[in-house]
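J.: Input: one structure, supplied below.
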Amino acid sequence: MAEYLVLKTEELLDENNTVMERVIYYYEHYTIFNEMFFLETEPRTMAAPIEICIDLDVFPGIYEFVFSEEEEEQPCLMAIRFIKPGDMWAEAQTKD
């Protein structure tokens, strides 16, 4: 389990225009960054099944990601839990 700053999601559709997955745009170590870092870097992305993305509706927001504990090349995202709304600049400023 770890907390991430999720900026947005985009829906991935199949050939019938059914939402199958969402691409999650997030920052992993957001609390150590500052405003200039966010302006100069791209967020990470991860595709997640639609079933576990139901509660992804607050952007930016702090979410807890739960990954499977199995040893795999790519970690498997098992669940997402909303923690609180996220403000990138406020998070960075409180660390000063």
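By order in the structure tokens, chains are A, B, ...; within a chain, residues start at 1; ligands start at 1, following the order shown.
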Given only C-alpha atoms, how would the per-residue table for segment 37-90 of chain A near segment 17-20 of chain A read, listing every residue at most 10 Å away with its closest atom pair and distance in Å to one decimal, sorted by chain and number, as a tab-separated table?
T.:
```
residue	atom	partner	partner_atom	distance
A:Ala47	CA	A:Met20	CA	9.9
A:Ala48	CA	A:Met20	CA	8.8
A:Pro49	CA	A:Met20	CA	6.4
A:Ile50	CA	A:Met20	CA	5.7
A:Glu51	CA	A:Met20	CA	8.7
```
J.: When you look at Asp57 of chain A with a cut-off of 10 Å (counting only C-alpha atoms), what residues show up, excluding the ones that are within fewer than 3 positions of it in the same chain? I need them as JSON, numbers by chain.
T.: {"A": [6, 8, 9, 53, 54, 60, 61, 82]}
J.: Fewer than 4 positions away in the same chain doesn't count, so skip those; otherwise give me all residues within 9 Å of Ile80 of chain A, counting only C-alpha atoms, as a list of chain:residue names.
T.: A:Ile52, A:Cys53, A:Ile54, A:Asp55, A:Leu56, A:Tyr63, A:Glu64, A:Phe65, A:Val66
J.: Excluding Tyr26 of chain A and any residue of its chain fewer than 6 positions from it, enumerate the residues within 8 Å of it, using only C-alpha atoms, and give them as a ChimeraX atom specification.
T.: /A:4-8,43-45
J.: Looking only at strand (DSSP E) from DSSP on the backbone, list the matching residues of chain A as a VMD selection string.
T.: chain A and resid 2 to 13 19 to 27 44 to 49 61 to 67 77 to 85
J.: Kindly save the residues from that selection, with N, CA and C atoms included, as a short mmCIF file (atom, residue, chain, number, x, y, z; two decimals), in the first residue's frame.
T.:
```
data_model
loop_
_atom_site.label_atom_id
_atom_site.label_comp_id
_atom_site.auth_asym_id
_atom_site.auth_seq_id
_atom_site.Cartn_x
_atom_site.Cartn_y
_atom_site.Cartn_z
N ALA A 2 0.45 2.22 -0.76
CA ALA A 2 1.18 3.48 -0.81
C ALA A 2 0.21 4.56 -1.25
N GLU A 3 0.53 5.81 -0.89
CA GLU A 3 -0.32 6.93 -1.29
C GLU A 3 0.27 7.61 -2.52
N TYR A 4 -0.63 8.01 -3.42
CA TYR A 4 -0.23 8.64 -4.67
C TYR A 4 -1.13 9.84 -4.93
N LEU A 5 -0.59 10.83 -5.64
CA LEU A 5 -1.37 11.98 -6.06
C LEU A 5 -1.88 11.69 -7.46
N VAL A 6 -3.18 11.49 -7.61
CA VAL A 6 -3.79 11.20 -8.91
C VAL A 6 -4.27 12.51 -9.52
N LEU A 7 -3.81 12.80 -10.73
CA LEU A 7 -4.16 14.05 -11.41
C LEU A 7 -5.42 13.93 -12.23
N LYS A 8 -5.55 12.80 -12.94
CA LYS A 8 -6.72 12.60 -13.81
C LYS A 8 -6.74 11.16 -14.27
N THR A 9 -7.82 10.79 -14.95
CA THR A 9 -7.90 9.49 -15.61
C THR A 9 -8.44 9.69 -17.02
N GLU A 10 -8.14 8.75 -17.87
CA GLU A 10 -8.71 8.72 -19.22
C GLU A 10 -9.27 7.32 -19.45
N GLU A 11 -10.41 7.25 -20.10
CA GLU A 11 -11.05 5.97 -20.34
C GLU A 11 -10.50 5.30 -21.59
N LEU A 12 -10.28 4.00 -21.50
CA LEU A 12 -9.88 3.20 -22.66
C LEU A 12 -11.09 2.38 -23.09
N LEU A 13 -11.50 2.53 -24.34
CA LEU A 13 -12.70 1.88 -24.85
C LEU A 13 -12.35 0.69 -25.72
N VAL A 19 -16.28 1.08 -21.83
CA VAL A 19 -15.09 1.40 -21.04
C VAL A 19 -14.56 0.11 -20.42
N MET A 20 -13.33 -0.22 -20.73
CA MET A 20 -12.71 -1.44 -20.21
C MET A 20 -11.70 -1.14 -19.12
N GLU A 21 -10.93 -0.07 -19.31
CA GLU A 21 -9.89 0.32 -18.37
C GLU A 21 -9.82 1.83 -18.29
N ARG A 22 -9.12 2.29 -17.28
CA ARG A 22 -8.80 3.71 -17.18
C ARG A 22 -7.29 3.85 -17.06
N VAL A 23 -6.76 4.86 -17.73
CA VAL A 23 -5.36 5.20 -17.56
C VAL A 23 -5.31 6.23 -16.44
N ILE A 24 -4.51 5.94 -15.42
CA ILE A 24 -4.39 6.81 -14.25
C ILE A 24 -3.11 7.60 -14.39
N TYR A 25 -3.19 8.92 -14.26
CA TYR A 25 -2.03 9.80 -14.29
C TYR A 25 -1.74 10.20 -12.84
N TYR A 26 -0.53 9.89 -12.37
CA TYR A 26 -0.25 10.09 -10.95
C TYR A 26 1.22 10.45 -10.71
N TYR A 27 1.45 11.02 -9.52
CA TYR A 27 2.80 11.24 -9.01
C TYR A 27 2.98 10.35 -7.79
N ARG A 44 3.47 9.80 -13.98
CA ARG A 44 3.50 8.40 -14.38
C ARG A 44 2.09 7.99 -14.80
N THR A 45 2.01 6.90 -15.55
CA THR A 45 0.70 6.38 -15.95
C THR A 45 0.61 4.89 -15.65
N MET A 46 -0.61 4.45 -15.43
CA MET A 46 -0.88 3.04 -15.18
C MET A 46 -2.30 2.76 -15.65
N ALA A 47 -2.48 1.63 -16.35
CA ALA A 47 -3.83 1.22 -16.74
C ALA A 47 -4.40 0.33 -15.64
N ALA A 48 -5.68 0.56 -15.32
CA ALA A 48 -6.32 -0.22 -14.26
C ALA A 48 -7.71 -0.66 -14.74
N PRO A 49 -8.13 -1.85 -14.36
CA PRO A 49 -9.47 -2.32 -14.74
C PRO A 49 -10.55 -1.38 -14.21
N GLY A 61 -6.33 14.26 -6.35
CA GLY A 61 -6.69 13.62 -5.09
C GLY A 61 -5.61 12.67 -4.63
N ILE A 62 -5.54 12.48 -3.33
CA ILE A 62 -4.60 11.52 -2.75
C ILE A 62 -5.35 10.20 -2.62
N TYR A 63 -4.77 9.16 -3.19
CA TYR A 63 -5.38 7.84 -3.19
C TYR A 63 -4.37 6.81 -2.68
N GLU A 64 -4.88 5.79 -2.06
CA GLU A 64 -4.05 4.66 -1.66
C GLU A 64 -4.21 3.58 -2.70
N PHE A 65 -3.10 3.11 -3.26
CA PHE A 65 -3.11 2.01 -4.22
C PHE A 65 -2.71 0.74 -3.49
N VAL A 66 -3.44 -0.32 -3.71
CA VAL A 66 -3.11 -1.62 -3.12
C VAL A 66 -2.72 -2.55 -4.26
N PHE A 67 -1.49 -3.04 -4.22
CA PHE A 67 -0.97 -3.93 -5.25
C PHE A 67 -0.97 -5.36 -4.74
N LEU A 77 -2.42 -3.88 -9.82
CA LEU A 77 -3.22 -3.01 -8.96
C LEU A 77 -4.51 -3.73 -8.58
N MET A 78 -4.71 -3.92 -7.28
CA MET A 78 -5.87 -4.67 -6.79
C MET A 78 -7.01 -3.78 -6.31
N ALA A 79 -6.68 -2.60 -5.75
CA ALA A 79 -7.71 -1.72 -5.21
C ALA A 79 -7.19 -0.30 -5.12
N ILE A 80 -8.13 0.64 -5.13
CA ILE A 80 -7.83 2.06 -4.98
C ILE A 80 -8.78 2.61 -3.93
N ARG A 81 -8.23 3.38 -2.99
CA ARG A 81 -9.06 3.96 -1.94
C ARG A 81 -8.77 5.46 -1.84
N PHE A 82 -9.83 6.28 -1.88
CA PHE A 82 -9.69 7.73 -1.76
C PHE A 82 -9.27 8.09 -0.34
N ILE A 83 -8.28 8.97 -0.21
CA ILE A 83 -7.82 9.45 1.10
C ILE A 83 -8.32 10.87 1.35
N LYS A 84 -7.97 11.81 0.44
CA LYS A 84 -8.37 13.21 0.60
C LYS A 84 -8.11 13.96 -0.70
N PRO A 85 -8.76 15.12 -0.86
CA PRO A 85 -8.42 15.94 -2.04
C PRO A 85 -6.95 16.32 -1.97
#
```
J.: Going by DSSP on the backbone, which residues of chain A come out as alpha helix (DSSP H)? List them as a ChimeraX atom specification.
T.: /A:35-40,88-94
